[in-house]
$ cat model_14.txt   # compact mmCIF, C-alpha atoms
# COMPACT_ATOMS: atom_id res chain seq x y z
CA MET A 1 20.69 14.61 1.29
CA LYS A 2 20.69 14.75 -2.48
CA VAL A 3 18.01 12.67 -4.18
CA SER A 4 17.42 12.39 -7.92
CA ILE A 5 14.70 10.76 -9.99
CA VAL A 6 15.09 8.77 -13.19
CA GLY A 7 11.87 8.67 -15.18
CA GLY A 8 10.24 11.71 -13.63
CA SER A 9 7.51 12.35 -16.20
CA GLY A 10 5.16 9.51 -15.25
CA TYR A 11 2.65 9.51 -12.44
CA ALA A 12 4.84 7.62 -9.95
CA GLY A 13 7.80 9.85 -10.83
CA GLY A 14 5.68 12.98 -10.45
CA GLU A 15 4.31 11.85 -7.12
CA SER A 16 7.85 11.08 -5.93
CA LEU A 17 8.83 14.56 -7.02
CA ARG A 18 5.96 16.14 -5.09
CA LEU A 19 6.87 14.23 -1.92
CA LEU A 20 10.61 14.80 -2.15
CA LEU A 21 10.14 18.54 -2.71
CA GLY A 22 8.34 18.67 0.63
CA HIS A 23 10.76 16.43 2.48
CA PRO A 24 12.78 18.37 5.08
CA LYS A 25 15.89 16.20 4.74
CA VAL A 26 16.00 16.09 0.94
CA THR A 27 17.55 18.36 -1.64
CA LEU A 28 16.23 17.44 -5.03
CA GLY A 29 19.05 16.90 -7.50
CA GLN A 30 17.99 15.97 -11.01
CA VAL A 31 14.83 14.69 -12.59
CA THR A 32 15.27 12.85 -15.85
CA SER A 33 12.95 12.39 -18.79
CA GLU A 34 14.21 11.69 -22.28
CA SER A 35 11.05 12.95 -23.96
CA ASN A 36 10.81 16.11 -21.85
CA ALA A 37 14.48 17.05 -21.39
CA GLY A 38 14.83 20.82 -21.17
CA LYS A 39 11.22 21.42 -20.11
CA TYR A 40 10.18 22.62 -16.68
CA VAL A 41 8.87 19.77 -14.52
CA HIS A 42 5.71 21.80 -13.90
CA SER A 43 4.94 21.60 -17.60
CA VAL A 44 4.26 17.88 -17.02
CA HIS A 45 3.25 18.01 -13.34
CA PRO A 46 1.16 21.19 -13.13
CA ASN A 47 0.60 20.87 -9.36
CA LEU A 48 4.30 21.72 -8.89
CA ARG A 49 4.16 25.15 -10.51
CA LYS A 50 5.82 27.79 -8.32
CA ARG A 51 7.17 25.04 -6.07
CA THR A 52 10.26 24.29 -8.15
CA ASP A 53 12.00 25.67 -11.20
CA LEU A 54 13.69 22.36 -11.96
CA LYS A 55 13.88 21.22 -15.56
CA PHE A 56 14.00 17.66 -16.81
CA VAL A 57 17.40 16.44 -17.95
CA SER A 58 18.52 13.43 -19.93
CA ALA A 59 19.61 10.37 -17.95
CA LEU A 60 22.89 10.65 -19.87
CA ASP A 61 23.66 13.68 -17.71
CA LEU A 62 22.93 11.96 -14.41
CA GLU A 63 25.22 13.10 -11.61
CA PRO A 64 26.13 11.36 -8.35
CA CYS A 65 23.52 11.46 -5.59
CA GLU A 66 22.85 9.66 -2.38
CA VAL A 67 19.48 8.18 -3.26
CA LEU A 68 18.12 7.59 -6.75
CA PHE A 69 14.43 6.97 -7.35
CA VAL A 70 13.79 5.02 -10.54
CA ALA A 71 10.32 5.19 -12.06
CA LEU A 72 10.77 3.55 -15.44
CA PRO A 73 8.52 1.13 -17.32
CA HIS A 74 9.04 -2.58 -16.67
CA GLY A 75 12.10 -4.00 -18.37
CA SER A 76 14.09 -0.75 -18.38
CA SER A 77 15.86 -0.71 -15.04
CA MET A 78 17.06 -4.32 -14.95
CA LYS A 79 19.59 -3.59 -17.69
CA ARG A 80 20.59 -0.19 -16.34
CA MET A 81 20.86 -1.01 -12.65
CA PRO A 82 24.70 -1.17 -12.68
CA GLU A 83 24.72 2.34 -14.15
CA PHE A 84 22.34 3.54 -11.43
CA LEU A 85 24.39 1.90 -8.70
CA SER A 86 27.49 3.66 -10.01
CA VAL A 87 25.95 7.11 -9.37
CA ALA A 88 23.89 6.48 -6.22
CA GLU A 89 24.53 4.92 -2.85
CA ARG A 90 21.00 3.54 -2.83
CA VAL A 91 18.49 2.93 -5.58
CA ILE A 92 14.76 2.84 -4.94
CA ASP A 93 13.25 1.22 -8.02
CA LEU A 94 9.51 1.74 -8.14
CA GLY A 95 9.21 -0.52 -11.18
CA ALA A 96 8.74 -4.26 -11.26
CA ASP A 97 12.20 -5.36 -12.37
CA PHE A 98 13.58 -6.49 -9.03
CA ARG A 99 10.49 -7.44 -7.06
CA LEU A 100 10.59 -11.20 -7.60
CA ARG A 101 13.44 -13.08 -5.99
CA ASP A 102 13.31 -16.19 -8.18
CA PRO A 103 14.64 -15.57 -11.72
CA ALA A 104 12.34 -18.34 -12.98
CA ASP A 105 9.33 -16.17 -12.13
CA TYR A 106 10.18 -13.48 -14.69
CA PRO A 107 9.48 -15.50 -17.87
CA LYS A 108 6.26 -16.78 -16.32
CA TRP A 109 4.87 -13.43 -15.15
CA TYR A 110 6.69 -10.88 -17.31
CA GLY A 111 7.21 -12.86 -20.51
CA ALA A 112 11.00 -12.66 -20.66
CA PRO A 113 14.01 -13.77 -18.62
CA HIS A 114 15.64 -11.31 -16.25
CA ALA A 115 18.56 -9.43 -17.82
CA ARG A 116 20.59 -9.33 -14.59
CA PRO A 117 19.61 -12.24 -12.35
CA ASP A 118 22.96 -11.82 -10.57
CA LEU A 119 21.62 -8.59 -9.01
CA LEU A 120 18.35 -10.02 -7.71
CA GLY A 121 19.99 -11.11 -4.46
CA GLN A 122 20.93 -7.50 -3.70
CA ALA A 123 17.36 -6.27 -3.91
CA VAL A 124 15.01 -6.04 -0.95
CA TYR A 125 11.26 -6.02 -1.50
CA GLY A 126 10.60 -2.53 -0.28
CA ILE A 127 7.50 -2.61 1.88
CA PRO A 128 8.83 -1.45 5.28
CA GLU A 129 6.07 -3.24 7.19
CA LEU A 130 7.49 -6.50 5.81
CA HIS A 131 11.24 -5.95 5.53
CA ARG A 132 12.14 -2.98 7.71
CA GLU A 133 15.47 -4.36 8.94
CA ALA A 134 16.64 -5.58 5.53
CA ILE A 135 15.80 -2.23 3.92
CA LYS A 136 18.23 -0.46 6.27
CA SER A 137 21.26 -2.11 4.66
CA ALA A 138 20.01 -2.62 1.10
CA ARG A 139 21.48 -0.86 -1.91
CA ILE A 140 18.57 -1.82 -4.17
CA ILE A 141 15.15 -1.27 -2.65
CA THR A 142 12.30 -2.30 -4.87
CA GLY A 143 8.97 -0.69 -5.03
CA ALA A 144 6.05 -3.06 -4.72
CA GLY A 145 3.11 -3.48 -7.04
CA CYS A 146 0.24 -1.29 -5.95
CA ASN A 147 -2.32 -4.09 -6.12
CA ALA A 148 0.16 -6.43 -4.49
CA THR A 149 0.81 -3.99 -1.65
CA THR A 150 -2.90 -3.66 -0.97
CA THR A 151 -3.42 -7.41 -0.95
CA ILE A 152 -0.30 -8.28 1.01
CA LEU A 153 -0.97 -5.73 3.74
CA GLY A 154 -4.56 -6.91 3.92
CA LEU A 155 -3.61 -10.54 4.41
CA LEU A 156 -0.18 -10.48 6.05
CA PRO A 157 -1.30 -10.98 9.68
CA LEU A 158 -3.37 -14.02 8.75
CA PHE A 159 -0.60 -15.83 6.90
CA LYS A 160 2.16 -14.77 9.26
CA HIS A 161 0.17 -16.32 12.10
CA GLY A 162 -0.87 -19.35 10.07
CA LEU A 163 -4.57 -18.67 10.46
CA ALA A 164 -5.77 -18.93 6.86
CA ASP A 165 -5.99 -21.91 4.53
CA PRO A 166 -3.17 -21.37 1.99
CA SER A 167 -4.84 -23.56 -0.64
CA ARG A 168 -7.55 -21.04 -1.54
CA VAL A 169 -7.22 -17.28 -1.41
CA VAL A 170 -9.50 -15.28 -3.68
CA VAL A 171 -8.73 -11.61 -4.27
CA GLU A 172 -10.61 -9.04 -6.31
CA VAL A 173 -9.11 -5.57 -6.66
CA LYS A 174 -11.00 -2.53 -7.87
CA VAL A 175 -8.58 0.00 -9.30
CA GLY A 176 -8.41 3.57 -10.55
CA SER A 177 -7.25 4.76 -13.96
CA SER A 178 -3.91 6.21 -12.82
CA GLU A 179 -2.73 2.66 -12.27
CA ALA A 180 -2.45 2.33 -16.04
CA GLY A 181 0.18 5.08 -16.19
CA ALA A 182 0.50 8.44 -17.84
CA LYS A 183 0.53 7.23 -21.44
CA ALA A 184 -2.80 7.22 -23.21
CA SER A 185 -4.22 4.15 -24.92
CA ASP A 186 -7.44 3.19 -26.68
CA SER A 187 -8.81 1.83 -23.41
CA SER A 188 -7.99 5.03 -21.53
CA HIS A 189 -9.74 7.27 -24.07
CA HIS A 190 -12.29 9.20 -22.00
CA PRO A 191 -15.50 7.92 -23.64
CA GLU A 192 -14.25 4.35 -23.20
CA ARG A 193 -12.78 4.63 -19.70
CA SER A 194 -15.23 6.99 -18.02
CA HIS A 195 -17.84 5.18 -15.92
CA ALA A 196 -16.28 1.82 -16.75
CA VAL A 197 -16.54 -1.20 -14.48
CA ARG A 198 -14.21 -3.30 -16.55
CA SER A 199 -12.65 -6.67 -15.83
CA PHE A 200 -9.26 -6.07 -17.37
CA GLN A 201 -7.28 -8.91 -15.79
CA PRO A 202 -9.47 -11.73 -14.46
CA THR A 203 -6.49 -14.10 -14.22
CA MET A 204 -2.69 -14.06 -14.40
CA HIS A 205 -2.23 -10.53 -13.12
CA ARG A 206 1.50 -9.98 -12.67
CA HIS A 207 1.15 -8.80 -9.10
CA THR A 208 -0.10 -12.26 -8.14
CA ALA A 209 3.52 -13.44 -8.09
CA GLU A 210 4.52 -10.80 -5.52
CA VAL A 211 1.55 -11.59 -3.35
CA MET A 212 2.44 -15.29 -3.26
CA GLN A 213 6.11 -14.54 -2.66
CA GLU A 214 5.52 -12.18 0.25
CA LEU A 215 2.77 -14.21 1.92
CA THR A 216 4.97 -17.29 2.04
CA PHE A 217 5.65 -18.24 5.63
CA GLY A 218 7.21 -21.44 6.91
CA GLY A 219 7.88 -22.51 3.34
CA GLN A 220 4.17 -22.56 2.55
CA THR A 221 3.17 -20.46 -0.45
CA PRO A 222 -0.52 -19.62 -0.64
CA LYS A 223 -2.44 -20.28 -3.83
CA VAL A 224 -3.82 -16.89 -4.77
CA TYR A 225 -6.66 -16.48 -7.25
CA PHE A 226 -6.43 -12.82 -8.22
CA SER A 227 -8.64 -10.67 -10.45
CA ALA A 228 -8.57 -6.96 -11.25
CA THR A 229 -11.37 -4.63 -12.27
CA ALA A 230 -11.09 -1.02 -13.44
CA VAL A 231 -13.63 1.28 -11.81
CA GLU A 232 -14.51 4.97 -11.80
CA LEU A 233 -11.56 6.27 -9.80
CA VAL A 234 -8.42 8.18 -10.74
CA ARG A 235 -6.50 7.19 -7.62
CA GLY A 236 -7.20 4.28 -5.36
CA ILE A 237 -7.45 0.56 -4.90
CA LEU A 238 -9.88 -1.51 -2.90
CA ALA A 239 -8.94 -5.16 -2.49
CA THR A 240 -11.59 -7.59 -1.32
CA CYS A 241 -9.91 -10.79 -0.20
CA HIS A 242 -11.69 -14.03 0.63
CA VAL A 243 -9.78 -16.42 2.84
CA PHE A 244 -10.89 -19.48 4.74
CA LEU A 245 -9.90 -19.82 8.37
CA LYS A 246 -8.26 -22.99 9.57
CA ASP A 247 -9.86 -22.73 12.99
CA ASN A 248 -13.16 -21.45 14.25
CA LEU A 249 -11.92 -18.02 15.25
CA ALA A 250 -14.09 -15.23 16.56
CA GLU A 251 -13.78 -11.68 15.30
CA LYS A 252 -12.01 -10.64 18.49
CA ASP A 253 -9.34 -13.26 17.73
CA ILE A 254 -8.83 -11.66 14.33
CA TRP A 255 -8.72 -8.22 15.94
CA ARG A 256 -5.95 -9.49 18.21
CA VAL A 257 -3.61 -10.55 15.40
CA TYR A 258 -4.21 -7.45 13.29
CA ARG A 259 -3.66 -5.23 16.31
CA GLN A 260 -0.50 -7.16 17.14
CA GLU A 261 0.92 -6.66 13.64
CA TYR A 262 -0.33 -3.19 12.86
CA GLY A 263 -0.94 -1.49 16.21
CA GLN A 264 2.44 0.26 16.10
CA GLU A 265 2.64 0.78 12.33
CA PRO A 266 2.34 4.47 11.43
CA PHE A 267 0.61 3.92 8.07
CA LEU A 268 -1.56 0.87 8.80
CA ARG A 269 -5.02 1.47 10.23
CA ILE A 270 -7.58 -1.11 11.17
CA VAL A 271 -10.91 0.19 9.90
CA LYS A 272 -13.81 -1.86 11.12
CA ASP A 273 -16.51 0.30 12.56
CA ARG A 274 -19.94 -0.76 13.66
CA THR A 275 -21.67 2.38 12.51
CA GLY A 276 -21.29 5.27 10.12
CA ILE A 277 -20.52 5.58 6.43
CA TYR A 278 -16.84 4.63 6.44
CA ARG A 279 -17.21 1.36 8.30
CA TYR A 280 -14.62 -0.40 6.17
CA PRO A 281 -11.58 0.70 4.17
CA GLU A 282 -12.38 2.98 1.28
CA PRO A 283 -9.85 4.49 -1.12
CA LYS A 284 -11.86 7.68 -1.62
CA ILE A 285 -10.55 9.31 1.57
CA LEU A 286 -6.99 8.04 1.15
CA ALA A 287 -6.07 10.03 -1.96
CA GLY A 288 -2.71 11.69 -1.42
CA SER A 289 -2.08 9.96 1.91
CA ASN A 290 0.30 7.12 2.65
CA PHE A 291 -2.17 5.11 4.69
CA CYS A 292 -3.25 1.58 3.98
CA ASP A 293 -6.55 0.88 5.70
CA VAL A 294 -7.44 -2.72 6.50
CA GLY A 295 -10.70 -4.21 7.74
CA PHE A 296 -12.37 -7.58 7.93
CA GLU A 297 -15.64 -9.36 8.57
CA ARG A 298 -16.17 -12.92 9.66
CA ASP A 299 -18.82 -14.78 7.67
CA GLU A 300 -20.99 -16.25 10.39
CA GLY A 301 -22.32 -18.99 8.15
CA SER A 302 -18.98 -20.43 7.05
CA ASP A 303 -15.26 -20.41 7.71
CA ARG A 304 -14.79 -17.50 5.30
CA LEU A 305 -13.16 -14.26 6.40
CA VAL A 306 -13.52 -11.27 4.08
CA VAL A 307 -10.60 -8.84 4.33
CA MET A 308 -10.81 -5.40 2.78
CA ALA A 309 -7.75 -3.23 2.18
CA ALA A 310 -7.49 0.17 0.52
CA LEU A 311 -4.77 2.65 -0.40
CA ASP A 312 -3.78 5.31 -2.91
CA ASN A 313 -1.94 3.46 -5.67
CA LEU A 314 0.42 6.39 -6.29
CA MET A 315 1.18 6.83 -2.59
CA LYS A 316 1.38 3.71 -0.41
CA GLY A 317 1.17 1.79 -3.70
CA ALA A 318 4.21 3.55 -5.23
CA ALA A 319 5.90 6.87 -4.39
CA GLY A 320 4.76 7.21 -0.78
CA ASN A 321 5.97 3.73 0.03
CA GLY A 322 9.25 4.55 -1.73
CA VAL A 323 9.74 7.64 0.43
CA GLN A 324 8.83 5.64 3.53
CA ALA A 325 11.46 3.05 2.55
CA MET A 326 13.98 5.84 1.96
CA ASN A 327 13.25 7.20 5.45
CA VAL A 328 13.86 3.75 6.94
CA ALA A 329 17.04 3.21 4.92
CA CYS A 330 18.46 6.63 5.77
CA GLY A 331 17.56 6.59 9.45
CA PHE A 332 14.96 9.36 9.25
CA GLU A 333 11.66 9.41 11.09
CA GLU A 334 9.58 6.97 9.04
CA THR A 335 6.70 9.38 8.54
CA LEU A 336 8.84 12.34 7.40
CA GLY A 337 7.36 14.01 4.33
CA LEU A 338 4.35 11.71 4.48
CA GLU A 339 2.21 13.43 7.08
CA PHE A 340 -0.70 14.36 4.80
CA LEU A 341 -3.91 12.91 6.23
CA GLY A 342 -6.03 12.97 3.10
CA LEU A 343 -9.15 15.01 2.42
CA HIS A 344 -12.68 14.74 3.64
CA PRO A 345 -14.98 15.37 1.95
CA ILE A 346 -13.44 14.75 -1.43
CA MET B 1 -8.83 0.63 32.01
CA ALA B 2 -11.69 -1.36 30.54
CA VAL B 3 -11.72 -3.81 27.67
CA CYS B 4 -14.11 -3.73 24.74
CA PRO B 5 -16.05 -7.01 24.71
CA GLU B 6 -16.29 -6.86 20.92
CA CYS B 7 -12.71 -6.22 19.77
CA GLU B 8 -10.65 -6.30 22.99
CA ALA B 9 -9.46 -2.72 22.62
CA GLU B 10 -8.30 -1.14 25.85
CA ILE B 11 -10.55 1.78 26.72
CA GLU B 12 -9.49 4.40 29.22
CA LEU B 13 -12.33 5.69 31.37
CA LYS B 14 -11.44 8.38 33.89
CA GLU B 15 -14.64 8.38 35.91
CA ALA B 16 -16.96 5.62 34.87
CA ILE B 17 -20.58 5.94 35.85
CA LYS B 18 -22.84 2.92 35.86
CA GLY B 19 -25.27 3.12 32.96
CA GLU B 20 -23.04 5.50 31.00
CA ILE B 21 -22.73 4.85 27.26
CA VAL B 22 -19.22 5.01 25.83
CA GLN B 23 -17.88 4.29 22.37
CA CYS B 24 -15.00 1.95 21.59
CA PRO B 25 -12.30 3.97 19.78
CA ASP B 26 -11.31 0.97 17.65
CA CYS B 27 -14.49 -0.77 16.49
CA GLY B 28 -16.93 2.04 17.19
CA VAL B 29 -19.41 -0.09 19.11
CA GLU B 30 -21.44 1.67 21.77
CA LEU B 31 -20.94 0.15 25.18
CA GLU B 32 -22.76 0.46 28.45
CA VAL B 33 -20.90 0.64 31.72
CA VAL B 34 -22.50 -2.23 33.61
CA SER B 35 -20.12 -2.23 36.56
CA VAL B 36 -17.70 0.36 37.96
CA ASN B 37 -15.51 -1.57 40.35
CA PRO B 38 -14.01 -3.11 38.36
CA VAL B 39 -15.20 -1.36 35.24
CA GLU B 40 -17.07 -3.73 32.95
CA LEU B 41 -18.60 -2.89 29.62
CA ALA B 42 -21.34 -4.61 27.65
CA PRO B 43 -22.70 -3.85 24.19
CA ALA B 44 -25.40 -1.19 24.40
CA PRO B 45 -28.67 -1.80 22.57
CA GLU B 46 -28.39 -0.39 19.07
CA GLU B 47 -30.61 0.49 16.19
CA GLU B 48 -29.77 -1.36 12.99
CA GLU B 49 -28.97 0.78 10.00
CA ASP B 50 -30.90 0.20 6.80
CA TRP B 51 -28.55 0.40 3.86
CA GLY B 52 -31.34 -0.16 1.36
CA GLU B 53 -29.75 -3.24 -0.08
$ encode --input "model_14.txt" --output "structure tokens"
Amino acid sequence: MKVSIVGGSGYAGGESLRLLLGHPKVTLGQVTSESNAGKYVHSVHPNLRKRTDLKFVSALDLEPCEVLFVALPHGSSMKRMPEFLSVAERVIDLGADFRLRDPADYPKWYGAPHARPDLLGQAVYGIPELHREAIKSARIITGAGCNATTTILGLLPLFKHGLADPSRVVVEVKVGSSEAGAKASDSSHHPERSHAVRSFQPTMHRHTAEVMQELTFGGQTPKVYFSATAVELVRGILATCHVFLKDNLAEKDIWRVYRQEYGQEPFLRIVKDRTGIYRYPEPKILAGSNFCDVGFERDEGSDRLVVMAALDNLMKGAAGNGVQAMNVACGFEETLGLEFLGLHPI
Amino acid sequence: MAVCPECEAEIELKEAIKGEIVQCPDCGVELEVVSVNPVELAPAPEEEEDWGE
């Protein structure tokens, strides 16, 4: 199956490239980058040296393919989606342009109206654990925000089963520097970023909208209070979510619903150990893997439940999830090309 | 098949021996086999870890 990538010079594009090169059912077609056209892909993604002799091409030279991964900055793919759909049977857009179903949400969260609201109905929010059946027949599969994915997968069982108070959900994510993308900025300059513990988005983080959208069950949208902090990581997210239980549930009740939802999911692991160092989810050991680890602890003194979720933002938070969605859409084994277990120690 | 009293994981024990200590594969708690027919498990006494907090 021929798969191409538009916007292959960024971190999500590079990670998609790495995964697709190792995928047994995929032949890599083209990888586009306007600023790097003509250069070897390994000149931008050095880990791929000797693995491929592909060169970047301009998107103007894009040829037909079966699946097209799009890894462009926000605002780019919404205008070009018809062009992408004309060359590919399916488009997997890792960007944010088609994640929100309600056109009214785009001015609020992204500062501008959607350029092609008529296409929003064709897009499926591409987390397989949420929309596996819809992904199978979708032509536009969206990526999901990395912070949103972490939070949603952490909290999904509770809201799906109506166990948590939707009026107050407090989420704090700790994130690595690769989340900010491959382009340098003043804040990413090494002396400024290194060793930072920096509150960069205490309120109004864009991913909040996705979290509320995807945790809506029975017409009830939870009120999510979301904050993000940059920490000393390159890859990885740890979300700490505070929810308040409607009923006086014991931890074994919580175990039951998480096991029910995630027991058969290949990339979801419940991590809640009584002893040892890695008692709860931790992004450190997830780098390069497609796992999302989820754990929880009941606050004995109140109705609060603390849910922790962790993943690699470039994997389950972006490219890995995209490949998983592609596997679902194309009828492949869902774990194909995503078998890497991570490293320990790292 | 026994059930973890902490997290309700199903634990397969081929030949349970009364007094044996087993570990739950899901929540990691150490459990003592307190009965063998049927197999029943109870949390084993544990030492608290000091995380220096």
$ closest_atom_pairs --input "model_14.txt" --of "chain B" --to "chain A" --cutoff "6 Å" --atoms "all atoms listed in the file" --output "CSV"
residue,atom,partner,partner_atom,distance
B:Cys7,CA,A:Lys252,CA,4.7
B:Cys27,CA,A:Asp273,CA,4.5
B:Gly28,CA,A:Asp273,CA,5.0
B:Val29,CA,A:Arg274,CA,5.5
$ residues_near_point --input "model_14.txt" --point "(-11.8, -1.9, -19.2)" --cutoff "10 Å" --atoms "only C-alpha atoms" --output "list of chain:residue names"
A:Ser177, A:Ser187, A:Ser188, A:Glu192, A:Arg193, A:Ser194, A:His195, A:Ala196, A:Val197, A:Arg198, A:Ser199, A:Phe200, A:Gln201, A:Ala228, A:Thr229, A:Ala230, A:Val231
$ residues_around --input "model_14.txt" --residues "stretch 32-46 of chain B" --least-positions-apart "3" --cutoff "8 Å" --atoms "all atoms listed in the file" --output "PyMOL selection string"
chain B and resi 1-6+16-22+29
$ atom_distance --input "model_14.txt" --atom1 "atom CA of A:Phe291" --atom2 "atom CA of A:Val171"
20.1 Å
$ residues_around --input "model_14.txt" --residues "A:Phe69" --least-positions-apart "4" --cutoff "12 Å" --atoms "all atoms listed in the file" --output "PyMOL selection string"
chain A and resi 2-8+12-17+19-20+28-32+65+77+81+84-85+87-95+139-143+318-323+325-326
$ closest_atom_pairs --input "model_14.txt" --of "stretch 111-216 of chain A" --to "stretch 103-107 of chain A" --cutoff "10 Å" --atoms "all atoms listed in the file" --output "tab-separated table"
residue	atom	partner	partner_atom	distance
A:Gly111	CA	A:Pro107	CA	4.4
A:Ala112	CA	A:Pro107	CA	4.3
A:Pro113	CA	A:Pro107	CA	4.9
A:His114	CA	A:Tyr106	CA	6.1
A:Ala115	CA	A:Pro103	CA	9.5
A:Arg116	CA	A:Pro103	CA	9.1
A:Pro117	CA	A:Pro103	CA	6.0
A:Asp118	CA	A:Pro103	CA	9.2
A:Leu120	CA	A:Pro103	CA	7.8
A:Arg206	CA	A:Tyr106	CA	9.6
A:Ala209	CA	A:Asp105	CA	7.6
A:Glu210	CA	A:Asp105	CA	9.8
$ write_last_selection --input "model_14.txt" --atoms "C-alpha atoms" --output "short mmCIF file (atom, residue, chain, number, x, y, z; two decimals), in the frame of the given file"
data_model
loop_
_atom_site.label_atom_id
_atom_site.label_comp_id
_atom_site.auth_asym_id
_atom_site.auth_seq_id
_atom_site.Cartn_x
_atom_site.Cartn_y
_atom_site.Cartn_z
CA GLY A 111 7.21 -12.86 -20.51
CA ALA A 112 11.00 -12.66 -20.66
CA PRO A 113 14.01 -13.77 -18.62
CA HIS A 114 15.64 -11.31 -16.25
CA ALA A 115 18.56 -9.43 -17.82
CA ARG A 116 20.59 -9.33 -14.59
CA PRO A 117 19.61 -12.24 -12.35
CA ASP A 118 22.96 -11.82 -10.57
CA LEU A 120 18.35 -10.02 -7.71
CA ARG A 206 1.50 -9.98 -12.67
CA ALA A 209 3.52 -13.44 -8.09
CA GLU A 210 4.52 -10.80 -5.52
#
$ atom_distance --input "model_14.txt" --atom1 "atom CA of A:Met212" --atom2 "atom CA of A:Tyr11"
26.4 Å
$ atom_distance --input "model_14.txt" --atom1 "atom CA of A:His161" --atom2 "atom CA of A:Tyr278"
27.6 Å
$ residues_around --input "model_14.txt" --residues "A:Cys241" --least-positions-apart "5" --cutoff "7 Å" --atoms "all atoms listed in the file" --output "number ranges by chain"
A: 170-172, 306-308
$ write_last_selection --input "model_14.txt" --atoms "C-alpha atoms" --output "PDB file, in the coordinates of the input"
ATOM      1  CA  VAL A 170      -9.500 -15.280  -3.680  1.00  0.00           C
ATOM      2  CA  VAL A 171      -8.730 -11.610  -4.270  1.00  0.00           C
ATOM      3  CA  GLU A 172     -10.610  -9.040  -6.310  1.00  0.00           C
ATOM      4  CA  VAL A 306     -13.520 -11.270   4.080  1.00  0.00           C
ATOM      5  CA  VAL A 307     -10.600  -8.840   4.330  1.00  0.00           C
ATOM      6  CA  MET A 308     -10.810  -5.400   2.780  1.00  0.00           C
TER       7      MET A 308
END
$ closest_residue --input "model_14.txt" --among "A:Asp97, A:Glu34, A:Glu334, A:Asp186" --to "A:Tyr125" --atoms "only C-alpha atoms"
A:Asp97
$ closest_residue --input "model_14.txt" --among "A:Arg18, A:Lys183, A:Arg304, A:Arg132" --to "A:Leu48" --atoms "all atoms listed in the file"
A:Arg18
$ build_atoms --input "model_14.txt" --residues "stretch 23-34 of chain B" --atoms "N, CA and C atoms" --output "PDB file, in the coordinates of the input"
ATOM      1  N   GLN B  23     -18.138   4.880  23.679  1.00  0.00           N
ATOM      2  CA  GLN B  23     -17.880   4.290  22.370  1.00  0.00           C
ATOM      3  C   GLN B  23     -16.467   3.727  22.312  1.00  0.00           C
ATOM      4  N   CYS B  24     -16.337   2.539  21.766  1.00  0.00           N
ATOM      5  CA  CYS B  24     -15.000   1.950  21.590  1.00  0.00           C
ATOM      6  C   CYS B  24     -14.261   2.731  20.509  1.00  0.00           C
ATOM      7  N   PRO B  25     -13.026   3.192  20.791  1.00  0.00           N
ATOM      8  CA  PRO B  25     -12.300   3.970  19.780  1.00  0.00           C
ATOM      9  C   PRO B  25     -11.861   3.128  18.582  1.00  0.00           C
ATOM     10  N   ASP B  26     -11.787   1.816  18.739  1.00  0.00           N
ATOM     11  CA  ASP B  26     -11.310   0.970  17.650  1.00  0.00           C
ATOM     12  C   ASP B  26     -12.437   0.471  16.752  1.00  0.00           C
ATOM     13  N   CYS B  27     -13.446  -0.169  17.327  1.00  0.00           N
ATOM     14  CA  CYS B  27     -14.490  -0.770  16.490  1.00  0.00           C
ATOM     15  C   CYS B  27     -15.768   0.058  16.469  1.00  0.00           C
ATOM     16  N   GLY B  28     -15.817   1.106  17.267  1.00  0.00           N
ATOM     17  CA  GLY B  28     -16.930   2.040  17.190  1.00  0.00           C
ATOM     18  C   GLY B  28     -18.199   1.586  17.885  1.00  0.00           C
ATOM     19  N   VAL B  29     -18.189   0.405  18.469  1.00  0.00           N
ATOM     20  CA  VAL B  29     -19.410  -0.090  19.110  1.00  0.00           C
ATOM     21  C   VAL B  29     -19.736   0.747  20.345  1.00  0.00           C
ATOM     22  N   GLU B  30     -21.023   0.947  20.567  1.00  0.00           N
ATOM     23  CA  GLU B  30     -21.440   1.670  21.770  1.00  0.00           C
ATOM     24  C   GLU B  30     -21.568   0.672  22.910  1.00  0.00           C
ATOM     25  N   LEU B  31     -21.013   1.058  24.036  1.00  0.00           N
ATOM     26  CA  LEU B  31     -20.940   0.150  25.180  1.00  0.00           C
ATOM     27  C   LEU B  31     -21.550   0.801  26.402  1.00  0.00           C
ATOM     28  N   GLU B  32     -22.165  -0.034  27.207  1.00  0.00           N
ATOM     29  CA  GLU B  32     -22.760   0.460  28.450  1.00  0.00           C
ATOM     30  C   GLU B  32     -21.878   0.038  29.620  1.00  0.00           C
ATOM     31  N   VAL B  33     -21.637   0.975  30.509  1.00  0.00           N
ATOM     32  CA  VAL B  33     -20.900   0.640  31.720  1.00  0.00           C
ATOM     33  C   VAL B  33     -21.853  -0.124  32.636  1.00  0.00           C
ATOM     34  N   VAL B  34     -21.595  -1.410  32.794  1.00  0.00           N
ATOM     35  CA  VAL B  34     -22.500  -2.230  33.610  1.00  0.00           C
ATOM     36  C   VAL B  34     -21.973  -2.437  35.026  1.00  0.00           C
TER      37      VAL B  34
END
